[in-house]
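Coordinates as given in upload_19.cif (mmCIF, C-alpha atoms and all ligand atoms):
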data_start
#
loop_
_atom_site.label_atom_id
_atom_site.label_comp_id
_atom_site.auth_asym_id
_atom_site.auth_seq_id
_atom_site.Cartn_x
_atom_site.Cartn_y
_atom_site.Cartn_z
CA MET R 1 68.22 80.19 107.50
CA ASN R 2 68.73 81.66 110.94
CA LEU R 3 72.08 82.95 112.17
CA HIS R 4 73.03 83.92 115.68
CA CYS R 5 76.37 85.61 116.21
CA ARG R 6 78.06 88.49 118.00
CA VAL R 7 79.55 91.33 116.00
CA ASN R 8 81.57 94.00 117.80
CA GLU R 9 80.12 92.81 121.13
CA LYS R 10 76.54 93.09 119.94
CA GLU R 11 74.23 90.06 119.64
CA TYR R 12 72.52 89.45 116.33
CA ASP R 13 69.73 87.07 115.35
CA LEU R 14 69.45 87.25 111.60
CA GLU R 15 67.65 85.60 108.75
CA ILE R 16 70.19 84.95 105.98
CA LYS R 17 70.43 83.24 102.61
CA PRO R 18 72.58 80.08 102.83
CA HIS R 19 75.05 81.25 100.16
CA MET R 20 75.60 84.73 101.61
CA THR R 21 79.22 85.55 102.45
CA LEU R 22 80.27 86.99 105.78
CA LEU R 23 81.51 90.07 103.91
CA ASP R 24 78.08 90.68 102.36
CA LEU R 25 76.42 90.13 105.71
CA LEU R 26 78.65 92.72 107.37
CA ARG R 27 78.54 95.29 104.61
CA GLU R 28 75.02 94.94 103.25
CA GLU R 29 72.95 93.70 106.19
CA LEU R 30 74.76 95.30 109.14
CA GLY R 31 76.09 98.42 107.40
CA LEU R 32 79.66 97.72 108.53
CA THR R 33 81.55 98.84 105.44
CA GLY R 34 85.04 98.98 106.94
CA ALA R 35 85.87 95.54 105.56
CA LYS R 36 86.42 96.09 101.84
CA GLU R 37 85.87 93.88 98.83
CA GLY R 38 89.03 93.83 96.76
CA CYS R 39 89.62 90.56 94.93
CA GLY R 40 86.60 88.69 96.30
CA GLU R 41 88.70 85.51 96.09
CA GLY R 42 90.63 85.30 99.35
CA GLU R 43 93.83 86.77 97.92
CA CYS R 44 94.15 90.42 98.97
CA GLY R 45 93.09 90.65 102.63
CA ALA R 46 91.04 93.85 102.16
CA CYS R 47 88.04 92.04 103.69
CA THR R 48 89.91 90.80 106.78
CA VAL R 49 87.90 90.56 109.99
CA ILE R 50 88.58 88.65 113.21
CA MET R 51 86.42 85.61 113.93
CA ASP R 52 86.94 83.96 117.32
CA GLY R 53 90.42 85.48 117.52
CA LYS R 54 91.58 84.47 114.04
CA ALA R 55 91.97 86.72 110.99
CA VAL R 56 89.69 85.52 108.19
CA ASN R 57 89.00 86.72 104.67
CA ALA R 58 85.30 87.52 104.99
CA CYS R 59 84.80 87.29 101.21
CA ILE R 60 85.39 83.53 101.26
CA VAL R 61 83.70 82.73 104.58
CA LEU R 62 80.00 81.95 104.46
CA ALA R 63 77.92 83.99 106.85
CA ALA R 64 76.53 80.67 108.09
CA GLU R 65 80.03 79.78 109.35
CA ALA R 66 79.72 82.65 111.84
CA GLU R 67 77.03 80.78 113.77
CA GLY R 68 77.79 81.16 117.47
CA LYS R 69 81.01 83.05 116.71
CA GLU R 70 82.38 86.38 117.87
CA ILE R 71 83.28 88.73 115.02
CA LEU R 72 85.39 91.85 115.37
CA THR R 73 85.45 94.36 112.53
CA ILE R 74 87.41 97.58 112.28
CA GLU R 75 84.33 99.46 113.52
CA GLY R 76 84.59 97.62 116.85
CA LEU R 77 88.21 98.47 117.59
CA ALA R 78 88.01 102.07 118.84
CA ARG R 79 86.59 102.49 122.33
CA GLU R 80 84.30 105.39 123.20
CA GLY R 81 85.78 107.57 120.51
CA THR R 82 89.40 106.68 121.35
CA LEU R 83 91.38 104.92 118.66
CA HIS R 84 92.97 101.57 119.44
CA PRO R 85 96.78 101.88 119.85
CA ILE R 86 97.26 100.07 116.53
CA GLN R 87 95.06 102.62 114.79
CA GLU R 88 96.95 105.44 116.52
CA ALA R 89 100.25 104.03 115.28
CA PHE R 90 99.05 103.82 111.66
CA VAL R 91 97.87 107.44 111.86
CA GLU R 92 101.07 108.70 113.54
CA ILE R 93 103.43 106.93 111.16
CA GLY R 94 101.30 107.49 108.09
CA GLY R 95 101.00 103.75 107.39
CA LEU R 96 98.34 104.31 104.78
CA GLN R 97 97.81 106.05 101.51
CA CYS R 98 94.37 105.48 99.98
CA GLY R 99 93.29 103.50 103.05
CA PHE R 100 91.59 100.67 101.14
CA CYS R 101 93.80 97.97 102.68
CA THR R 102 94.06 99.63 106.10
CA PRO R 103 91.16 98.00 107.98
CA GLY R 104 92.52 94.59 107.00
CA MET R 105 96.09 95.59 107.84
CA VAL R 106 95.04 96.86 111.27
CA LEU R 107 93.04 93.73 112.11
CA SER R 108 95.80 91.39 110.92
CA THR R 109 98.17 93.43 113.08
CA LYS R 110 95.86 92.92 116.06
CA VAL R 111 95.88 89.16 115.61
CA LEU R 112 99.67 89.22 115.22
CA LEU R 113 100.26 91.33 118.35
CA ASP R 114 97.70 89.42 120.43
CA ASP R 115 99.81 86.33 119.75
CA ASN R 116 103.25 87.97 119.73
CA PRO R 117 103.50 91.44 121.30
CA ASN R 118 107.15 91.85 120.31
CA PRO R 119 107.50 90.65 116.72
CA THR R 120 110.64 90.89 114.63
CA GLU R 121 110.45 92.55 111.23
CA GLU R 122 110.32 89.10 109.62
CA GLU R 123 107.45 88.08 111.90
CA ILE R 124 105.59 91.30 111.01
CA LYS R 125 106.03 90.54 107.30
CA LYS R 126 104.79 87.00 107.86
CA GLY R 127 101.82 88.25 109.91
CA LEU R 128 100.79 90.61 107.11
CA GLU R 129 101.62 88.37 104.18
CA GLY R 130 97.93 87.89 103.32
CA ASN R 131 97.28 91.64 103.14
CA PHE R 132 98.15 93.44 99.93
CA CYS R 133 98.58 97.18 99.60
CA ARG R 134 98.08 98.39 96.06
CA CYS R 135 99.64 101.72 97.05
CA THR R 136 102.79 99.74 97.94
CA GLY R 137 103.27 101.55 101.21
CA TYR R 138 104.83 98.57 102.98
CA THR R 139 107.76 100.38 104.59
CA LYS R 140 105.51 102.66 106.59
CA ILE R 141 103.05 99.86 107.29
CA ILE R 142 105.81 97.77 108.86
CA GLU R 143 107.02 100.79 110.82
CA SER R 144 103.44 101.37 112.01
CA VAL R 145 103.26 97.79 113.29
CA LYS R 146 106.54 98.24 115.19
CA VAL R 147 105.22 101.41 116.83
CA ALA R 148 101.88 99.69 117.50
CA ALA R 149 103.74 96.86 119.24
CA ASP R 150 105.54 99.40 121.46
CA LYS R 151 102.23 101.03 122.32
CA VAL R 152 100.41 97.75 123.00
CA ARG R 153 103.23 96.58 125.30
CA GLY R 154 103.07 99.96 127.08
S1 LIG R 201 88.35 90.75 99.06
FE1 LIG R 201 88.59 89.11 100.39
S2 LIG R 201 90.66 88.52 100.21
FE2 LIG R 201 90.38 90.07 98.67
S1 LIG R 202 96.93 102.31 101.35
FE1 LIG R 202 96.01 102.09 99.40
S2 LIG R 202 95.82 99.94 99.20
FE2 LIG R 202 97.03 100.19 100.93
#

Would you mind giving the structure from this file in C-alpha cells?
Amino acid sequence: MNLHCRVNEKEYDLEIKPHMTLLDLLREELGLTGAKEGCGEGECGACTVIMDGKAVNACIVLAAEAEGKEILTIEGLAREGTLHPIQEAFVEIGGLQCGFCTPGMVLSTKVLLDDNPNPTEEEIKKGLEGNFCRCTGYTKIIESVKVAADKVRG
C-alpha cells in the first residue's frame, strides 16, 4: 500500500506493507533510529514520536495511520546543528544515563511544554508517566524538564 506523510519536515511517498508499524517504518525504512524499541507493547515509551502534535508510541501505531500526518522524531528536533533547548537542558543537568529512554523523554517533554510551558513537578510527572527509565534516573530527568521549561519560556 502507498503512504504519504511528512517526517521531520520532509515529504515521503512510500510503498509499505499494511501491517508495518510506524516504529519499523522510521527505523528500518527511513534510517531514523532515535526512536527505540523497548517493550514493543506500548508500555515503556522508548519509541515515542510526535504525530500531529501528540506523543504516540510508534511500536503500536501502524505506519498506515501516519497517512497525511506530520511526524517529528528526535532527529528533527535540533536545528542546523544547534540542540533544541530541551535537549540542552538534558545535557546540562545530566538527565540521562544510558540514553535509551532519552529520545522518548525529550519528545514527551516537548509535547508537555508545548501545551503547558510552566508545569508543576506533579504535571511533569504526569506528562512523563508513559516513559520508563530503566536506569531510574528520574530525579535528574524531572530537573531537566524544569530547566527546559525555563529555557523554552526564555
Ligand atoms: S517500545 Fe513502544 S512503548 Fe515500549
Ligand atoms: S537513561 Fe537509561 S533507560 Fe533512561

Subject >> Contacts with ligand LIG 202 (chain R) at most 10 Å, all atoms listed in the file counted, listed as a PyMOL selection string >> reply: chain R and resi 38+44+46+94-105+131-138+141

Subject >> Option closest in space to R:Val56, from R:Leu32, R:His19, R:Val111, R:Arg6 [counting all atoms listed in the file] >> reply: R:Val111

Box for ligand LIG 201 (chain R) - axis-aligned, 4 Å on each of the six sides, all listed atoms - centre and size in Å to one decimal, as lines of an AutoDock Vina configuration file.
center_x = 89.5
center_y = 89.6
center_z = 99.5
size_x = 10.3
size_y = 10.2
size_z = 9.7

**OP:** Could you tell me, counting all atoms listed in the file, which protein and nucleic acid residues lie no more than 6 Å from ligand LIG 201 (chain R), written as a PyMOL selection string?
**Re:** chain R and resi 37-47+57-59

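For the atom pair formed by atom CA of R:Val7 and atom CA of R:Gly81, the distance is 18.0 Å, given to one decimal.
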
Please tabulate, as CSV, the residues of stretch 22-99 of chain R that come within 12 Å of stretch 14-18 of chain R, each with its closest pair of atoms and the distance in Å to one decimal, counting only C-alpha atoms and ordering rows by chain, then residue number upward.
residue,atom,partner,partner_atom,distance
R:Leu22,CA,R:Ile16,CA,10.3
R:Asp24,CA,R:Ile16,CA,10.4
R:Leu25,CA,R:Ile16,CA,8.1
R:Leu26,CA,R:Leu14,CA,11.5
R:Glu28,CA,R:Ile16,CA,11.4
R:Glu29,CA,R:Leu14,CA,9.1
R:Leu30,CA,R:Leu14,CA,10.0
R:Val61,CA,R:Pro18,CA,11.6
R:Leu62,CA,R:Pro18,CA,7.8
R:Ala63,CA,R:Pro18,CA,7.7
R:Ala64,CA,R:Pro18,CA,6.6
R:Glu65,CA,R:Pro18,CA,9.9
R:Ala66,CA,R:Leu14,CA,11.3
R:Glu67,CA,R:Leu14,CA,10.2
R:Gly68,CA,R:Leu14,CA,11.9

Could you give me, as an mmCIF file with C-alpha atoms, in the coordinates of the input, the residues that have an atom at most 12 Å away from the point (100.2, 89.0, 114.6) in the coordinates of the file, using all atoms listed in the file?
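Writing done, so here's out33.cif:
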data_model
loop_
_atom_site.group_PDB
_atom_site.id
_atom_site.type_symbol
_atom_site.label_atom_id
_atom_site.label_comp_id
_atom_site.auth_asym_id
_atom_site.auth_seq_id
_atom_site.Cartn_x
_atom_site.Cartn_y
_atom_site.Cartn_z
ATOM 1 C CA ILE R 50 88.580 88.650 113.210
ATOM 2 C CA GLY R 53 90.420 85.480 117.520
ATOM 3 C CA LYS R 54 91.580 84.470 114.040
ATOM 4 C CA ALA R 55 91.970 86.720 110.990
ATOM 5 C CA ILE R 86 97.260 100.070 116.530
ATOM 6 C CA MET R 105 96.090 95.590 107.840
ATOM 7 C CA VAL R 106 95.040 96.860 111.270
ATOM 8 C CA LEU R 107 93.040 93.730 112.110
ATOM 9 C CA SER R 108 95.800 91.390 110.920
ATOM 10 C CA THR R 109 98.170 93.430 113.080
ATOM 11 C CA LYS R 110 95.860 92.920 116.060
ATOM 12 C CA VAL R 111 95.880 89.160 115.610
ATOM 13 C CA LEU R 112 99.670 89.220 115.220
ATOM 14 C CA LEU R 113 100.260 91.330 118.350
ATOM 15 C CA ASP R 114 97.700 89.420 120.430
ATOM 16 C CA ASP R 115 99.810 86.330 119.750
ATOM 17 C CA ASN R 116 103.250 87.970 119.730
ATOM 18 C CA PRO R 117 103.500 91.440 121.300
ATOM 19 C CA ASN R 118 107.150 91.850 120.310
ATOM 20 C CA PRO R 119 107.500 90.650 116.720
ATOM 21 C CA THR R 120 110.640 90.890 114.630
ATOM 22 C CA GLU R 121 110.450 92.550 111.230
ATOM 23 C CA GLU R 122 110.320 89.100 109.620
ATOM 24 C CA GLU R 123 107.450 88.080 111.900
ATOM 25 C CA ILE R 124 105.590 91.300 111.010
ATOM 26 C CA LYS R 125 106.030 90.540 107.300
ATOM 27 C CA LYS R 126 104.790 87.000 107.860
ATOM 28 C CA GLY R 127 101.820 88.250 109.910
ATOM 29 C CA LEU R 128 100.790 90.610 107.110
ATOM 30 C CA GLU R 129 101.620 88.370 104.180
ATOM 31 C CA GLY R 130 97.930 87.890 103.320
ATOM 32 C CA ILE R 142 105.810 97.770 108.860
ATOM 33 C CA VAL R 145 103.260 97.790 113.290
ATOM 34 C CA LYS R 146 106.540 98.240 115.190
ATOM 35 C CA ALA R 148 101.880 99.690 117.500
ATOM 36 C CA ALA R 149 103.740 96.860 119.240
#

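Coordinates place atom CA of R:Ala35 at a distance of 11.9 Å from atom CA of R:Ile71.
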
Subject >> From R:Leu77, R:Cys5, R:Met20, R:Ile93, residue lying nearest R:Met51 [all atoms listed in the file] >> reply: R:Cys5

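As for atom CA of R:Thr33 and atom CA of R:Val152, they are spaced 25.8 Å apart.
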
Original post:
What lies within 9 Å of R:Gln87 using all atoms listed in the file, ignoring chain neighbours under 3 positions off, as a VMD selection string?
Top reply: chain R and resid 77 to 78 83 to 84 90 to 92 106 144 148

Student task, stretch 75-105 of chain R output with N, CA, C and O atoms as an mmCIF file, in the first residue's frame:
data_model
loop_
_atom_site.group_PDB
_atom_site.id
_atom_site.type_symbol
_atom_site.label_atom_id
_atom_site.label_comp_id
_atom_site.auth_asym_id
_atom_site.auth_seq_id
_atom_site.Cartn_x
_atom_site.Cartn_y
_atom_site.Cartn_z
ATOM 1 N N GLU R 75 15.392 13.082 15.695
ATOM 2 C CA GLU R 75 16.362 13.564 14.691
ATOM 3 C C GLU R 75 15.945 14.921 14.127
ATOM 4 O O GLU R 75 16.784 15.642 13.570
ATOM 5 N N GLY R 76 14.659 15.259 14.240
ATOM 6 C CA GLY R 76 14.162 16.507 13.656
ATOM 7 C C GLY R 76 14.139 17.666 14.631
ATOM 8 O O GLY R 76 13.669 18.755 14.289
ATOM 9 N N LEU R 77 14.638 17.454 15.839
ATOM 10 C CA LEU R 77 14.476 18.491 16.868
ATOM 11 C C LEU R 77 15.585 19.553 16.831
ATOM 12 O O LEU R 77 15.315 20.740 16.990
ATOM 13 N N ALA R 78 16.816 19.126 16.639
ATOM 14 C CA ALA R 78 17.913 20.101 16.560
ATOM 15 C C ALA R 78 17.787 20.877 15.249
ATOM 16 O O ALA R 78 17.277 20.364 14.263
ATOM 17 N N ARG R 79 18.214 22.126 15.281
ATOM 18 C CA ARG R 79 18.142 22.967 14.080
ATOM 19 C C ARG R 79 19.533 23.409 13.665
ATOM 20 O O ARG R 79 20.213 24.062 14.456
ATOM 21 N N GLU R 80 19.909 23.039 12.443
ATOM 22 C CA GLU R 80 21.204 23.445 11.884
ATOM 23 C C GLU R 80 22.342 23.239 12.886
ATOM 24 O O GLU R 80 23.143 24.139 13.144
ATOM 25 N N GLY R 81 22.353 22.062 13.471
ATOM 26 C CA GLY R 81 23.449 21.717 14.370
ATOM 27 C C GLY R 81 23.305 22.264 15.779
ATOM 28 O O GLY R 81 24.170 22.039 16.619
ATOM 29 N N THR R 82 22.236 23.001 16.050
ATOM 30 C CA THR R 82 22.027 23.545 17.400
ATOM 31 C C THR R 82 20.955 22.725 18.102
ATOM 32 O O THR R 82 19.847 22.567 17.575
ATOM 33 N N LEU R 83 21.298 22.232 19.280
ATOM 34 C CA LEU R 83 20.328 21.433 20.020
ATOM 35 C C LEU R 83 19.099 22.256 20.386
ATOM 36 O O LEU R 83 19.187 23.465 20.617
ATOM 37 N N HIS R 84 17.962 21.581 20.453
ATOM 38 C CA HIS R 84 16.742 22.202 20.971
ATOM 39 C C HIS R 84 16.963 22.494 22.464
ATOM 40 O O HIS R 84 17.686 21.754 23.137
ATOM 41 N N PRO R 85 16.345 23.550 23.007
ATOM 42 C CA PRO R 85 16.524 23.867 24.430
ATOM 43 C C PRO R 85 16.231 22.684 25.360
ATOM 44 O O PRO R 85 16.875 22.554 26.414
ATOM 45 N N ILE R 86 15.306 21.832 24.989
ATOM 46 C CA ILE R 86 15.020 20.663 25.841
ATOM 47 C C ILE R 86 16.228 19.721 25.831
ATOM 48 O O ILE R 86 16.635 19.197 26.877
ATOM 49 N N GLN R 87 16.800 19.526 24.662
ATOM 50 C CA GLN R 87 17.998 18.675 24.586
ATOM 51 C C GLN R 87 19.139 19.297 25.389
ATOM 52 O O GLN R 87 19.846 18.603 26.118
ATOM 53 N N GLU R 88 19.304 20.610 25.251
ATOM 54 C CA GLU R 88 20.357 21.307 26.012
ATOM 55 C C GLU R 88 20.191 21.070 27.505
ATOM 56 O O GLU R 88 21.154 20.805 28.213
ATOM 57 N N ALA R 89 18.942 21.178 27.971
ATOM 58 C CA ALA R 89 18.681 21.019 29.405
ATOM 59 C C ALA R 89 19.038 19.609 29.871
ATOM 60 O O ALA R 89 19.659 19.440 30.922
ATOM 61 N N PHE R 90 18.671 18.594 29.095
ATOM 62 C CA PHE R 90 19.003 17.214 29.482
ATOM 63 C C PHE R 90 20.522 17.022 29.541
ATOM 64 O O PHE R 90 21.031 16.331 30.431
ATOM 65 N N VAL R 91 21.238 17.644 28.616
ATOM 66 C CA VAL R 91 22.700 17.524 28.615
ATOM 67 C C VAL R 91 23.273 18.257 29.831
ATOM 68 O O VAL R 91 24.096 17.714 30.574
ATOM 69 N N GLU R 92 22.818 19.488 30.050
ATOM 70 C CA GLU R 92 23.369 20.306 31.146
ATOM 71 C C GLU R 92 23.136 19.670 32.516
ATOM 72 O O GLU R 92 24.002 19.665 33.372
ATOM 73 N N ILE R 93 21.936 19.149 32.704
ATOM 74 C CA ILE R 93 21.577 18.606 34.021
ATOM 75 C C ILE R 93 22.039 17.152 34.159
ATOM 76 O O ILE R 93 22.123 16.617 35.256
ATOM 77 N N GLY R 94 22.340 16.535 33.040
ATOM 78 C CA GLY R 94 22.712 15.122 33.107
ATOM 79 C C GLY R 94 21.480 14.259 33.310
ATOM 80 O O GLY R 94 21.506 13.298 34.093
ATOM 81 N N GLY R 95 20.401 14.584 32.585
ATOM 82 C CA GLY R 95 19.139 13.846 32.747
ATOM 83 C C GLY R 95 19.117 12.544 31.975
ATOM 84 O O GLY R 95 18.065 12.154 31.459
ATOM 85 N N LEU R 96 20.250 11.908 31.864
ATOM 86 C CA LEU R 96 20.301 10.617 31.178
ATOM 87 C C LEU R 96 21.484 9.818 31.692
ATOM 88 O O LEU R 96 22.477 10.383 32.142
ATOM 89 N N GLN R 97 21.307 8.523 31.598
ATOM 90 C CA GLN R 97 22.425 7.635 31.935
ATOM 91 C C GLN R 97 22.791 6.846 30.681
ATOM 92 O O GLN R 97 23.664 7.270 29.925
ATOM 93 N N CYS R 98 22.097 5.748 30.401
ATOM 94 C CA CYS R 98 22.448 5.002 29.179
ATOM 95 C C CYS R 98 21.910 5.687 27.924
ATOM 96 O O CYS R 98 22.389 5.454 26.828
ATOM 97 N N GLY R 99 20.863 6.508 28.089
ATOM 98 C CA GLY R 99 20.310 7.247 26.962
ATOM 99 C C GLY R 99 19.226 6.531 26.182
ATOM 100 O O GLY R 99 18.643 7.105 25.267
ATOM 101 N N PHE R 100 18.921 5.289 26.553
ATOM 102 C CA PHE R 100 17.934 4.516 25.779
ATOM 103 C C PHE R 100 16.553 5.172 25.811
ATOM 104 O O PHE R 100 15.855 5.230 24.803
ATOM 105 N N CYS R 101 16.176 5.691 26.963
ATOM 106 C CA CYS R 101 14.836 6.289 27.105
ATOM 107 C C CYS R 101 14.808 7.748 26.664
ATOM 108 O O CYS R 101 13.735 8.348 26.582
ATOM 109 N N THR R 102 15.995 8.343 26.444
ATOM 110 C CA THR R 102 16.080 9.805 26.329
ATOM 111 C C THR R 102 15.326 10.397 25.132
ATOM 112 O O THR R 102 14.629 11.412 25.303
ATOM 113 N N PRO R 103 15.423 9.809 23.935
ATOM 114 C CA PRO R 103 14.637 10.397 22.839
ATOM 115 C C PRO R 103 13.146 10.487 23.170
ATOM 116 O O PRO R 103 12.506 11.520 22.910
ATOM 117 N N GLY R 104 12.626 9.438 23.771
ATOM 118 C CA GLY R 104 11.207 9.443 24.156
ATOM 119 C C GLY R 104 10.931 10.454 25.247
ATOM 120 O O GLY R 104 9.918 11.161 25.206
ATOM 121 N N MET R 105 11.827 10.544 26.227
ATOM 122 C CA MET R 105 11.655 11.529 27.309
ATOM 123 C C MET R 105 11.634 12.947 26.739
ATOM 124 O O MET R 105 10.806 13.784 27.119
#
